[in-house]
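See below for entry_22.cif, which holds mmCIF, C-alpha atoms.
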data_work
#
loop_
_atom_site.label_atom_id
_atom_site.label_comp_id
_atom_site.auth_asym_id
_atom_site.auth_seq_id
_atom_site.Cartn_x
_atom_site.Cartn_y
_atom_site.Cartn_z
CA MET A 1 33.09 41.10 -49.08
CA ASP A 2 31.15 43.04 -51.74
CA ILE A 3 27.40 43.22 -51.30
CA ASP A 4 25.12 43.61 -54.29
CA ILE A 5 22.65 46.27 -53.14
CA ASN A 6 20.30 45.48 -56.03
CA CYS A 7 20.14 41.81 -55.00
CA VAL A 8 19.36 42.79 -51.43
CA PHE A 9 16.70 45.24 -52.61
CA ASN A 10 15.11 42.63 -54.86
CA LEU A 11 15.15 40.07 -52.02
CA VAL A 12 13.45 42.51 -49.65
CA LYS A 13 10.85 43.28 -52.32
CA LYS A 14 10.19 39.56 -52.80
CA ARG A 15 9.81 39.00 -49.05
CA ASN A 16 7.53 42.00 -48.69
CA PHE A 17 5.46 40.74 -51.59
CA ALA A 18 5.30 37.31 -49.93
CA ASN A 19 4.19 38.86 -46.66
CA ILE A 20 1.55 40.92 -48.45
CA LEU A 21 0.41 37.79 -50.27
CA ILE A 22 0.18 35.78 -47.03
CA SER A 23 -1.61 38.65 -45.31
CA LYS A 24 -4.07 38.88 -48.19
CA PHE A 25 -4.85 35.18 -48.07
CA MET A 26 -5.08 35.08 -44.27
CA SER A 27 -6.81 38.40 -43.56
CA ASN A 28 -10.18 36.67 -43.76
CA ALA A 29 -9.51 33.57 -41.63
CA LEU A 30 -11.74 31.33 -39.55
CA GLY A 31 -9.56 31.43 -36.47
CA ASN A 32 -6.60 32.93 -34.69
CA HIS A 33 -4.08 30.64 -33.00
CA ILE A 34 -1.47 31.75 -30.47
CA LEU A 35 1.08 29.17 -29.30
CA VAL A 36 2.74 30.31 -26.10
CA GLU A 37 5.64 29.09 -24.00
CA PHE A 38 5.71 30.61 -20.51
CA MET A 39 9.12 30.13 -18.87
CA ASN A 40 10.60 30.75 -15.42
CA CYS A 41 7.16 30.56 -13.84
CA ASP A 42 6.46 29.98 -10.15
CA PRO A 43 6.70 26.14 -9.82
CA HIS A 44 4.05 26.04 -7.06
CA ILE A 45 1.59 27.81 -9.35
CA MET A 46 2.46 25.40 -12.15
CA ASN A 47 1.49 22.46 -9.89
CA ASP A 48 -1.79 23.88 -8.59
CA VAL A 49 -4.59 22.36 -10.65
CA ALA A 50 -7.34 24.39 -9.01
CA GLY A 51 -5.41 27.64 -9.41
CA ILE A 52 -4.55 26.93 -13.03
CA GLU A 53 -8.18 26.08 -13.83
CA ARG A 54 -9.25 29.35 -12.20
CA ASP A 55 -6.66 31.36 -14.14
CA MET A 56 -7.42 29.71 -17.48
CA VAL A 57 -11.16 30.27 -17.06
CA GLY A 58 -10.43 33.84 -15.96
CA ALA A 59 -8.25 34.38 -19.04
CA ALA A 60 -11.10 33.31 -21.30
CA GLN A 61 -13.67 35.45 -19.51
CA LYS A 62 -11.39 38.49 -19.40
CA ALA A 63 -11.16 38.35 -23.19
CA GLY A 64 -14.96 38.22 -23.47
CA ALA A 65 -15.28 34.51 -24.26
CA THR A 66 -18.26 32.36 -23.28
CA VAL A 67 -17.03 29.43 -21.19
CA ILE A 68 -18.77 26.10 -21.88
CA ASN A 69 -16.67 23.55 -20.01
CA SER A 70 -13.38 23.13 -18.17
CA THR A 71 -11.48 19.86 -17.77
CA PHE A 72 -8.24 19.73 -15.77
CA HIS A 73 -6.06 16.93 -14.40
CA HIS A 74 -3.32 17.07 -11.79
CA PHE A 75 -0.57 14.47 -11.98
CA SER A 76 1.33 13.36 -8.89
CA PRO A 77 3.95 14.39 -8.02
CA TYR A 78 3.70 17.30 -10.44
CA GLY A 79 2.16 18.53 -13.65
CA VAL A 80 -1.22 19.84 -14.79
CA SER A 81 -3.06 19.38 -18.08
CA GLY A 82 -6.31 21.03 -18.94
CA VAL A 83 -8.57 22.68 -21.46
CA VAL A 84 -11.22 25.38 -21.27
CA VAL A 85 -13.80 24.92 -24.00
CA ILE A 86 -15.29 28.22 -25.05
CA GLN A 87 -17.97 29.15 -27.54
CA GLU A 88 -15.18 30.76 -29.55
CA SER A 89 -12.98 27.57 -29.49
CA HIS A 90 -10.56 26.66 -26.65
CA LEU A 91 -7.67 27.43 -24.32
CA ALA A 92 -5.37 24.51 -23.42
CA ILE A 93 -2.34 24.05 -21.17
CA HIS A 94 0.23 21.56 -19.92
CA THR A 95 2.72 22.43 -17.19
CA TRP A 96 6.12 21.15 -16.09
CA PRO A 97 6.49 22.59 -12.57
CA GLU A 98 9.99 21.12 -12.19
CA TYR A 99 11.06 23.44 -15.02
CA GLY A 100 8.74 26.34 -14.24
CA TYR A 101 7.33 25.91 -17.73
CA ALA A 102 3.86 25.96 -19.30
CA ALA A 103 2.87 25.25 -22.91
CA VAL A 104 -0.34 27.14 -23.68
CA ASP A 105 -2.58 26.96 -26.72
CA LEU A 106 -5.01 29.86 -27.34
CA PHE A 107 -7.33 29.23 -30.28
CA THR A 108 -10.15 31.68 -30.96
CA CYS A 109 -12.56 32.63 -33.69
CA GLY A 110 -14.71 35.68 -34.16
CA GLU A 111 -13.78 39.05 -32.68
CA MET A 112 -12.19 37.75 -29.47
CA ASN A 113 -8.71 39.14 -28.78
CA ALA A 114 -6.66 36.22 -27.44
CA TRP A 115 -3.78 38.51 -26.50
CA ILE A 116 -5.88 39.67 -23.56
CA SER A 117 -5.88 36.06 -22.33
CA PHE A 118 -2.13 35.90 -22.92
CA ASP A 119 -1.48 38.99 -20.77
CA HIS A 120 -3.69 37.64 -17.98
CA LEU A 121 -1.93 34.27 -17.86
CA LYS A 122 1.54 35.80 -17.99
CA GLU A 123 0.71 37.78 -14.87
CA CYS A 124 -1.04 34.89 -13.07
CA PHE A 125 1.80 32.42 -13.73
CA LYS A 126 4.48 35.01 -12.78
CA ALA A 127 6.33 34.17 -15.98
CA LYS A 128 9.67 35.95 -16.23
CA SER A 129 10.07 35.11 -19.91
CA TYR A 130 7.98 33.80 -22.76
CA SER A 131 7.78 33.16 -26.48
CA ALA A 132 4.65 33.38 -28.60
CA ILE A 133 3.74 32.59 -32.19
CA GLU A 134 0.51 33.87 -33.75
CA MET A 135 -1.02 32.12 -36.73
CA LYS A 136 -4.18 32.64 -38.73
CA ARG A 137 -6.05 29.39 -39.19
CA GLY A 138 -8.44 28.46 -41.99
CA SER A 139 -7.99 31.08 -44.70
CA VAL A 140 -11.37 31.55 -46.35
CA ASN A 141 -9.57 32.28 -49.63
CA LEU A 142 -8.26 28.71 -49.65
CA LEU A 143 -11.49 27.00 -48.60
CA THR A 144 -14.69 26.12 -50.41
CA ARG A 145 -17.92 26.55 -48.51
CA ASN A 146 -20.24 23.52 -48.60
CA ASP A 147 -23.99 23.89 -48.85
CA PHE A 148 -25.93 21.34 -46.83
CA ASP A 149 -29.26 21.07 -45.00
CA ILE A 150 -28.87 22.23 -41.40
CA SER A 151 -32.55 22.51 -40.54
CA THR A 152 -32.48 19.38 -38.36
CA MET A 153 -29.37 20.56 -36.56
CA ARG A 154 -30.95 23.95 -35.95
CA GLN A 155 -33.99 22.30 -34.40
CA LYS A 156 -31.82 20.25 -32.05
CA ALA A 157 -29.73 23.28 -31.20
CA SER A 158 -32.82 25.29 -30.30
CA GLU A 159 -33.86 22.56 -27.87
CA TRP A 160 -30.51 22.59 -26.06
CA GLN A 161 -29.97 25.15 -23.33
CA ASN A 162 -26.60 26.26 -22.14
CA PRO A 163 -26.32 25.91 -18.35
CA GLU A 164 -26.20 29.15 -16.37
CA PHE A 165 -22.77 28.16 -15.05
CA TYR A 166 -20.22 26.34 -17.15
CA THR A 167 -19.57 22.69 -16.25
CA ARG A 168 -16.31 21.83 -14.53
CA ASN A 169 -14.30 18.64 -14.90
CA VAL A 170 -11.25 18.94 -12.66
CA TRP A 171 -9.24 15.85 -11.73
CA PHE A 172 -6.75 15.14 -8.94
CA THR A 173 -4.30 12.34 -9.80
CA ASP A 174 -1.99 10.36 -7.51
CA LYS A 175 0.41 8.24 -9.54
CA ASP A 176 3.76 6.57 -9.85
CA ASP A 177 5.59 5.91 -13.12
CA ASN A 178 3.24 3.11 -14.18
CA GLN A 179 -0.20 3.63 -12.64
CA ALA A 180 -2.46 6.28 -11.23
CA LEU A 181 -5.59 7.02 -9.23
CA SER A 182 -7.73 9.96 -10.33
CA LEU A 183 -10.56 11.61 -8.41
CA ARG A 184 -12.83 14.19 -9.95
CA PHE A 185 -13.18 17.14 -7.62
CA THR A 186 -15.27 20.26 -7.66
CA GLY A 187 -12.34 22.61 -8.17
CA GLU A 188 -13.00 24.28 -4.83
CA VAL A 189 -10.04 24.60 -2.47
CA PHE A 190 -11.11 25.10 1.14
CA TYR A 191 -7.65 25.17 2.67
CA ASP A 192 -4.26 25.63 1.05
CA VAL A 193 -1.18 26.30 3.19
CA GLN A 194 2.47 25.57 2.57
CA SER A 195 3.71 24.61 6.03
CA PRO A 196 7.42 24.25 6.87
CA PHE A 197 7.02 20.53 6.10
CA GLN A 198 4.51 20.07 3.28
CA ARG A 199 1.64 21.55 1.32
CA VAL A 200 -1.63 21.03 3.19
CA ARG A 201 -4.90 21.23 1.26
CA ILE A 202 -8.55 20.42 1.77
CA LEU A 203 -10.32 19.76 -1.54
CA GLU A 204 -13.75 18.33 -2.33
CA SER A 205 -14.32 15.31 -4.55
CA TYR A 206 -17.69 14.41 -6.05
CA LYS A 207 -17.55 10.77 -5.01
CA TYR A 208 -15.86 10.87 -1.60
CA GLY A 209 -16.59 14.35 -0.24
CA LYS A 210 -13.95 16.59 1.26
CA MET A 211 -10.43 15.20 1.29
CA LEU A 212 -7.08 15.97 2.88
CA ALA A 213 -4.14 16.10 0.46
CA LEU A 214 -0.51 16.42 1.58
CA ASP A 215 1.97 17.32 -1.14
CA ASP A 216 -0.62 16.26 -3.72
CA MET A 217 -1.20 12.81 -2.21
CA VAL A 218 -4.64 11.79 -0.91
CA MET A 219 -4.47 11.12 2.83
CA THR A 220 -8.11 10.70 3.79
CA THR A 221 -11.64 11.50 2.62
CA GLN A 222 -14.97 11.92 4.35
CA LYS A 223 -16.56 8.83 2.84
CA ASP A 224 -13.85 6.19 3.14
CA GLU A 225 -11.74 7.32 6.10
CA PHE A 226 -13.29 4.66 8.36
CA HIS A 227 -11.59 1.87 6.36
CA TYR A 228 -8.20 3.15 7.46
CA HIS A 229 -8.88 4.48 10.95
CA GLU A 230 -10.83 1.46 12.21
CA MET A 231 -8.23 -0.98 10.92
CA ILE A 232 -5.20 0.86 12.31
CA SER A 233 -6.74 0.88 15.79
CA HIS A 234 -9.06 -1.98 16.73
CA PRO A 235 -7.18 -5.19 15.80
CA ALA A 236 -4.29 -4.28 18.11
CA LEU A 237 -6.52 -2.96 20.90
CA PHE A 238 -8.68 -6.09 21.00
CA THR A 239 -5.57 -8.28 20.91
CA LEU A 240 -4.14 -6.42 23.90
CA GLY A 241 -7.48 -6.50 25.69
CA ASN A 242 -6.69 -3.97 28.39
CA ALA A 243 -4.41 -1.33 26.86
CA LYS A 244 -4.09 1.79 28.99
CA ASN A 245 -1.27 3.95 27.66
CA ILE A 246 -1.22 4.64 23.90
CA LEU A 247 1.17 6.65 21.73
CA VAL A 248 0.10 7.89 18.28
CA ILE A 249 2.80 9.35 16.04
CA GLY A 250 1.30 11.33 13.16
CA GLY A 251 -2.41 11.01 12.52
CA GLY A 252 -3.02 14.75 12.26
CA ASP A 253 -6.48 14.28 10.74
CA GLY A 254 -7.67 12.93 14.13
CA GLY A 255 -9.33 9.74 12.90
CA THR A 256 -6.98 7.35 14.68
CA ILE A 257 -7.33 8.94 18.11
CA ARG A 258 -11.11 9.01 17.62
CA GLU A 259 -11.12 5.22 17.22
CA VAL A 260 -8.61 4.55 20.04
CA LEU A 261 -10.62 6.63 22.50
CA ARG A 262 -13.71 4.48 21.91
CA HIS A 263 -12.07 1.84 24.17
CA GLU A 264 -12.95 2.34 27.84
CA SER A 265 -9.77 0.67 29.10
CA VAL A 266 -7.63 3.44 27.59
CA GLU A 267 -6.47 5.88 30.24
CA LYS A 268 -4.17 8.12 28.23
CA VAL A 269 -3.41 8.82 24.58
CA THR A 270 -0.33 10.84 23.66
CA MET A 271 -0.42 12.13 20.09
CA VAL A 272 2.69 13.64 18.48
CA GLU A 273 2.04 15.36 15.14
CA ILE A 274 4.81 17.34 13.47
CA ASP A 275 2.58 19.63 11.39
CA GLY A 276 0.06 21.80 13.20
CA GLU A 277 -1.42 22.93 9.89
CA VAL A 278 -2.80 19.43 9.30
CA ILE A 279 -4.62 19.52 12.65
CA LYS A 280 -5.92 23.02 11.99
CA ALA A 281 -7.20 22.17 8.51
CA CYS A 282 -8.98 18.99 9.62
CA LYS A 283 -10.57 20.54 12.70
CA GLU A 284 -12.10 23.24 10.50
CA PHE A 285 -13.11 21.27 7.41
CA LEU A 286 -13.21 17.59 8.48
CA PRO A 287 -14.83 17.90 11.93
CA GLU A 288 -16.44 14.45 11.82
CA ILE A 289 -12.94 12.94 11.61
CA ALA A 290 -11.18 15.45 13.87
CA ASN A 291 -13.74 15.34 16.69
CA SER A 292 -11.55 14.06 19.55
CA PHE A 293 -8.85 16.70 19.88
CA ASP A 294 -10.52 18.09 23.01
CA HIS A 295 -10.91 14.69 24.70
CA PRO A 296 -9.73 14.80 28.35
CA LYS A 297 -7.64 11.61 27.94
CA LEU A 298 -5.64 13.11 25.06
CA GLU A 299 -2.29 14.85 25.35
CA LEU A 300 -1.62 16.56 22.01
CA LEU A 301 1.93 17.58 21.14
CA VAL A 302 2.83 19.43 17.94
CA ASP A 303 6.35 18.10 17.75
CA ASP A 304 8.69 15.74 15.91
CA GLY A 305 7.64 12.15 16.57
CA ILE A 306 11.08 10.82 15.62
CA SER A 307 12.77 12.89 18.32
CA PHE A 308 9.99 12.16 20.80
CA ILE A 309 10.32 8.38 20.56
CA LYS A 310 14.12 8.62 20.70
CA ASN A 311 13.81 10.23 24.13
CA ALA A 312 10.88 8.14 25.39
CA GLU A 313 11.30 6.13 28.57
CA ALA A 314 11.70 2.39 28.02
CA GLY A 315 8.67 0.16 28.63
CA THR A 316 6.13 3.00 28.64
CA TYR A 317 3.42 2.18 26.10
CA ASP A 318 1.02 -0.71 25.57
CA LEU A 319 0.47 0.32 21.96
CA ILE A 320 2.37 2.57 19.56
CA ILE A 321 0.58 3.58 16.35
CA VAL A 322 2.64 5.15 13.57
CA ASP A 323 0.06 6.91 11.42
CA GLY A 324 2.40 8.46 8.88
CA SER A 325 2.24 9.26 5.19
CA ASP A 326 4.42 7.84 2.40
CA PRO A 327 8.20 7.67 2.99
CA VAL A 328 8.93 11.15 1.65
CA GLY A 329 9.19 14.58 3.25
CA PRO A 330 8.50 14.71 7.01
CA ALA A 331 7.52 11.00 7.11
CA GLU A 332 10.77 9.71 5.58
CA GLY A 333 12.36 9.08 8.98
CA LEU A 334 9.38 6.95 10.04
CA PHE A 335 10.74 4.11 7.87
CA SER A 336 14.21 3.78 9.44
CA VAL A 337 15.76 1.03 11.56
CA GLU A 338 16.68 3.52 14.29
CA PHE A 339 13.11 4.79 14.57
CA TYR A 340 11.55 1.33 14.94
CA THR A 341 14.26 0.23 17.38
CA ASN A 342 13.29 3.20 19.53
CA CYS A 343 9.63 2.17 19.24
CA TYR A 344 10.53 -1.35 20.36
CA ASN A 345 12.31 0.00 23.42
CA ALA A 346 9.38 2.27 24.35
CA LEU A 347 6.88 -0.63 24.32
CA LYS A 348 5.98 -2.61 27.43
CA GLU A 349 6.95 -6.29 27.55
CA ASN A 350 3.59 -7.27 26.04
CA GLY A 351 3.14 -4.43 23.60
CA ILE A 352 2.23 -3.89 19.96
CA LEU A 353 3.49 -1.54 17.27
CA VAL A 354 1.22 -0.73 14.30
CA ALA A 355 2.56 1.23 11.33
CA GLN A 356 1.13 2.48 8.06
CA GLY A 357 2.70 -0.09 5.76
CA GLU A 358 2.26 1.06 2.14
CA SER A 359 0.77 -1.10 -0.63
CA PRO A 360 2.15 -4.40 -1.95
CA LYS A 361 0.88 -3.36 -5.40
CA PHE A 362 1.87 0.33 -5.51
CA ASN A 363 5.03 0.84 -3.48
CA GLU A 364 6.38 -2.70 -3.30
CA LYS A 365 9.92 -1.73 -2.35
CA ALA A 366 8.93 0.37 0.69
CA PHE A 367 6.35 -2.27 1.68
CA ALA A 368 8.92 -5.09 1.71
CA GLU A 369 11.74 -3.06 3.26
CA LEU A 370 9.54 -1.95 6.16
CA ASN A 371 8.55 -5.54 6.93
CA HIS A 372 12.16 -6.71 6.76
CA THR A 373 13.07 -3.94 9.20
CA LEU A 374 10.35 -5.03 11.64
CA GLN A 375 11.36 -8.68 11.33
CA GLY A 376 14.93 -7.73 12.17
CA ILE A 377 13.87 -5.85 15.31
CA PHE A 378 10.88 -7.83 16.64
CA GLY A 379 11.63 -11.27 15.17
CA SER A 380 10.74 -13.05 11.93
CA ASP A 381 7.52 -14.47 13.43
CA LYS A 382 6.60 -11.21 15.19
CA ALA A 383 5.99 -8.92 12.20
CA PRO A 384 2.62 -9.84 10.63
CA VAL A 385 0.98 -7.82 7.88
CA SER A 386 -2.65 -6.73 7.78
CA LEU A 387 -4.19 -6.12 4.34
CA PHE A 388 -7.30 -4.02 3.84
CA PHE A 389 -8.88 -1.82 1.19
CA VAL A 390 -9.16 1.95 0.75
CA PRO A 391 -10.73 2.99 -2.58
CA THR A 392 -9.00 6.39 -2.68
CA TYR A 393 -5.49 4.95 -2.27
CA PRO A 394 -3.63 3.86 -5.42
CA THR A 395 -4.57 0.24 -6.31
CA GLY A 396 -7.09 0.15 -3.43
CA MET A 397 -5.04 -2.47 -1.53
CA TRP A 398 -3.15 -1.12 1.48
CA SER A 399 -1.46 -2.49 4.59
CA PHE A 400 -0.64 -2.05 8.24
CA GLN A 401 2.51 -3.69 9.50
CA TYR A 402 2.95 -4.90 13.06
CA GLY A 403 5.69 -5.52 15.54
CA ILE A 404 4.73 -7.77 18.45
CA LYS A 405 6.65 -7.68 21.69
CA GLY A 406 5.88 -10.53 24.05
CA ASP A 407 3.49 -13.46 23.81
CA LEU A 408 0.58 -12.06 21.80
CA ASN A 409 -1.29 -13.53 18.82
CA LEU A 410 -2.96 -10.98 16.58
CA LYS A 411 -4.51 -13.64 14.37
CA LYS A 412 -6.75 -15.10 17.08
CA LEU A 413 -9.54 -13.33 18.95
CA ALA A 414 -10.16 -14.25 22.57
CA ASP A 415 -13.79 -13.08 22.49
CA SER A 416 -15.52 -12.56 19.12
CA GLU A 417 -18.81 -11.72 20.78
CA GLN A 418 -17.19 -8.88 22.71
CA VAL A 419 -15.82 -7.48 19.44
CA ASP A 420 -19.15 -7.60 17.66
CA THR A 421 -20.96 -6.00 20.61
CA PHE A 422 -18.40 -3.17 20.51
CA VAL A 423 -18.83 -2.85 16.74
CA SER A 424 -22.61 -2.58 17.04
CA LYS A 425 -22.49 -0.13 19.95
CA ASN A 426 -20.07 2.22 18.16
CA GLY A 427 -21.52 1.90 14.67
CA LEU A 428 -18.28 0.72 13.07
CA ARG A 429 -18.51 0.29 9.31
CA TYR A 430 -15.42 -1.75 8.37
CA TYR A 431 -13.95 -3.66 11.30
CA ASN A 432 -15.63 -6.72 12.86
CA SER A 433 -14.56 -10.07 14.30
CA GLU A 434 -14.44 -11.79 10.90
CA VAL A 435 -12.46 -8.96 9.31
CA HIS A 436 -10.05 -9.12 12.26
CA VAL A 437 -9.12 -12.71 11.40
CA GLY A 438 -9.25 -12.27 7.62
CA THR A 439 -7.05 -9.19 7.47
CA PHE A 440 -3.99 -11.26 8.44
CA ALA A 441 -4.51 -13.83 5.66
CA THR A 442 -1.59 -13.25 3.30
CA PRO A 443 -1.83 -13.86 -0.48
CA ASN A 444 1.01 -15.85 -2.02
CA PHE A 445 2.44 -12.91 -3.98
CA VAL A 446 2.68 -10.92 -0.72
CA LYS A 447 4.44 -13.82 0.99
CA GLU A 448 7.03 -13.74 -1.78
CA LEU A 449 7.57 -10.01 -1.27
CA LEU A 450 8.11 -10.52 2.45
CA LYS A 451 10.81 -13.17 2.11
CA LYS A 452 14.17 -11.81 3.23
#
I'd like the structure from this file rewritten - as structure tokens, please.
Amino acid sequence: MDIDINCVFNLVKKRNFANILISKFMSNALGNHILVEFMNCDPHIMNDVAGIERDMVGAAQKAGATVINSTFHHFSPYGVSGVVVIQESHLAIHTWPEYGYAAVDLFTCGEMNAWISFDHLKECFKAKSYSAIEMKRGSVNLLTRNDFDISTMRQKASEWQNPEFYTRNVWFTDKDDNQALSLRFTGEVFYDVQSPFQRVRILESYKYGKMLALDDMVMTTQKDEFHYHEMISHPALFTLGNAKNILVIGGGDGGTIREVLRHESVEKVTMVEIDGEVIKACKEFLPEIANSFDHPKLELLVDDGISFIKNAEAGTYDLIIVDGSDPVGPAEGLFSVEFYTNCYNALKENGILVAQGESPKFNEKAFAELNHTLQGIFGSDKAPVSLFFVPTYPTGMWSFQYGIKGDLNLKKLADSEQVDTFVSKNGLRYYNSEVHVGTFATPNFVKELLKK
């Protein structure tokens, strides 16, 4: 094939002229815009909202920018979106941890060199590859400056004072495909360990104080933990009346054993928690919840509760409490037929099983399947559901599901006065005799879910 050298030369000249022309028009621009794709990043970093906020703010500051505000959201199970507003414009990001990918937007004006921010983020995200496009934005040669009276705006601006420390707006989100719960937290991470089973973190929310998060799901918070821990413990214990030997599977935050040990009849509590990091984190940062780990009646085992109950002696326990998380990761086996059959066998003839039962409005399938499992093992009339409310759980409505062995009636209290005296003496804030009866009232839509 013959190549016309003159044509090529003329084409190169035209392109060079075009580049010179573009450069001339854009050399005096209002802003500089770098669009970045970071690829093959560490997926754990890409899912860490607090770490990403720290790195994005650090990237702005390293380039000499003045940070005004940061707003970041974490999406469960994965993904982070956020923006750092700077005096010189903004830095924005969205991550896809499952792909190790981050889309980053660096927009600056003035003398700030955004490539310094780029270099910082590439290192922080451990990106093995990237692509970047730089564009000049707002060519002054193509714009017409407007003259208008800014005296009023100047007066208002002089009255406003920039805070000494930039404001932070960091959000933690727990969601499924159709709904979500978001909590604004301070951005501080007090504890962050990847155990052999799950990621264990202690964060701090503005509304509910410090909170325990496992694999980016809210487990408990300082200000609403009593909703859950009082309701998983006291209805069964007052129904039994004189329970002595209790088994708790899970419950690493310590709130359930705290409530169980309030009952004087209890002689021994065996707690089996698979993840010692949960216990460690809560003892250090949630001591008001985890205040009973040194109780003389407690035997604490850091072990697999599924294996433990499989090998338990038949007819041992008055009460078994399964204080597990959602049916994923280390808690997945806590929702099986085999597991609950083993629990049934380990109960005394008049014994009660209580299990964390999911929400009839958030995880309907797991909620219904668990109840059908318990009906199949304990009997169709021996598997009642208790509904209660936890504001930091998705939808707010949550459940405990029961298996009753023997002739016991959870829905009736033998002595309401005894319950209310206990409530007053121990300063309980959710459970009382009226709540005990009301928690077993089942809405019609829940009854439909529970039909086999």
Neighbours of Thr167 in chain A within 9 Å (all atoms listed in the file; same-chain residues fewer than 3 positions away dropped), as a ChimeraX atom specification?
/A:67-71,163
In Å to one decimal, how far is CA of Val266 in chain A from CA of Ile246 in chain A?
7.5 Å
Using all atoms listed in the file, what table do you get, as a tab-separated table, when you list each residue of range 348-393 of chain A with an atom no more than 12 Å from range 415-432 of chain A, its nearest pair of atoms, and their distance in Å rounded to one decimal, rows by chain then rising number?
residue	atom	partner	partner_atom	distance
A:Phe388	CA	A:Tyr430	CA	9.6
A:Phe389	CA	A:Tyr430	CA	9.7
A:Val390	CA	A:Tyr430	CA	10.5
Using the chain letters and numbering of this document, enumerate as JSON, numbers by chain the residues selected by the PyMOL selection byres ((chain A and resi 100) around 9).
{"A": [38, 39, 40, 41, 42, 43, 44, 45, 46, 95, 96, 97, 98, 99, 101, 102, 127]}
Care to translate the PyMOL selection byres ((chain A and resi 131) around 6) into actual residues of this file, as number ranges by chain?
A: 36-37, 130, 132
Please produce a file of those selected residues containing C-alpha atoms, as a compact mmCIF listing (two decimals), in the coordinates of the input.
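The resulting selection_38.txt:
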# COMPACT_ATOMS: atom_id res chain seq x y z
CA VAL A 36 2.74 30.31 -26.10
CA GLU A 37 5.64 29.09 -24.00
CA TYR A 130 7.98 33.80 -22.76
CA ALA A 132 4.65 33.38 -28.60
Counting all atoms listed in the file, figure out which residue out of A:Ile133, A:Leu30, A:Ala366, A:Ile404 gets nearest to Gly379 in chain A.
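Once distances to Gly379 in chain A are computed over all atoms listed in the file, the minimum belongs to A:Ile404.
One finds CA of Ile257 in chain A at 9.1 Å from CA of Thr270 in chain A.
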Once the PyMOL selection byres ((chain A and resi 186-198) around 9) is applied to the coordinates I shared, what remains selected? I want it as a ChimeraX atom specification.
/A:49-51,53-54,168-171,184-185,199-206,210,214-215,274-278,281,285,329-330
Leaving out Ser182 in chain A and any residue of its chain fewer than 2 positions from it, which residues lie within 10 Å of it when counting all atoms listed in the file, given as JSON, numbers by chain?
{"A": [73, 74, 75, 76, 170, 171, 172, 173, 174, 175, 180, 184, 185, 392, 393, 394]}
One decimal, Å: what's the distance from CA of Glu358 in chain A over to CA of Asp323 in chain A, could you say?
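Computing the Euclidean distance for CA of Glu358 in chain A and CA of Asp323 in chain A yields 11.2 Å.
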Output range 274-285 of chain A with N, CA and C atoms present, as a CSV table (one decimal), keeping the file's coordinate frame.
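Resulting contents of out.csv:
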chain,number,residue,atom,x,y,z
A,274,ILE,N,3.8,16.3,13.8
A,274,ILE,CA,4.8,17.3,13.5
A,274,ILE,C,4.2,18.6,12.9
A,275,ASP,N,3.1,18.5,12.2
A,275,ASP,CA,2.6,19.6,11.4
A,275,ASP,C,1.2,20.1,11.9
A,276,GLY,N,1.3,21.2,12.6
A,276,GLY,CA,0.1,21.8,13.2
A,276,GLY,C,-0.9,22.2,12.2
A,277,GLU,N,-0.5,22.5,10.9
A,277,GLU,CA,-1.4,22.9,9.9
A,277,GLU,C,-2.4,21.8,9.5
A,278,VAL,N,-1.9,20.6,9.6
A,278,VAL,CA,-2.8,19.4,9.3
A,278,VAL,C,-3.9,19.4,10.3
A,279,ILE,N,-3.6,19.5,11.6
A,279,ILE,CA,-4.6,19.5,12.6
A,279,ILE,C,-5.6,20.7,12.4
A,280,LYS,N,-5.1,21.8,12.2
A,280,LYS,CA,-5.9,23.0,12.0
A,280,LYS,C,-6.9,22.8,10.8
A,281,ALA,N,-6.4,22.4,9.7
A,281,ALA,CA,-7.2,22.2,8.5
A,281,ALA,C,-8.3,21.2,8.8
A,282,CYS,N,-8.0,20.1,9.4
A,282,CYS,CA,-9.0,19.0,9.6
A,282,CYS,C,-10.0,19.4,10.7
A,283,LYS,N,-9.6,20.1,11.7
A,283,LYS,CA,-10.6,20.5,12.7
A,283,LYS,C,-11.6,21.5,12.1
A,284,GLU,N,-11.2,22.3,11.1
A,284,GLU,CA,-12.1,23.2,10.5
A,284,GLU,C,-13.0,22.6,9.4
A,285,PHE,N,-12.4,21.7,8.6
A,285,PHE,CA,-13.1,21.3,7.4
A,285,PHE,C,-13.5,19.8,7.4
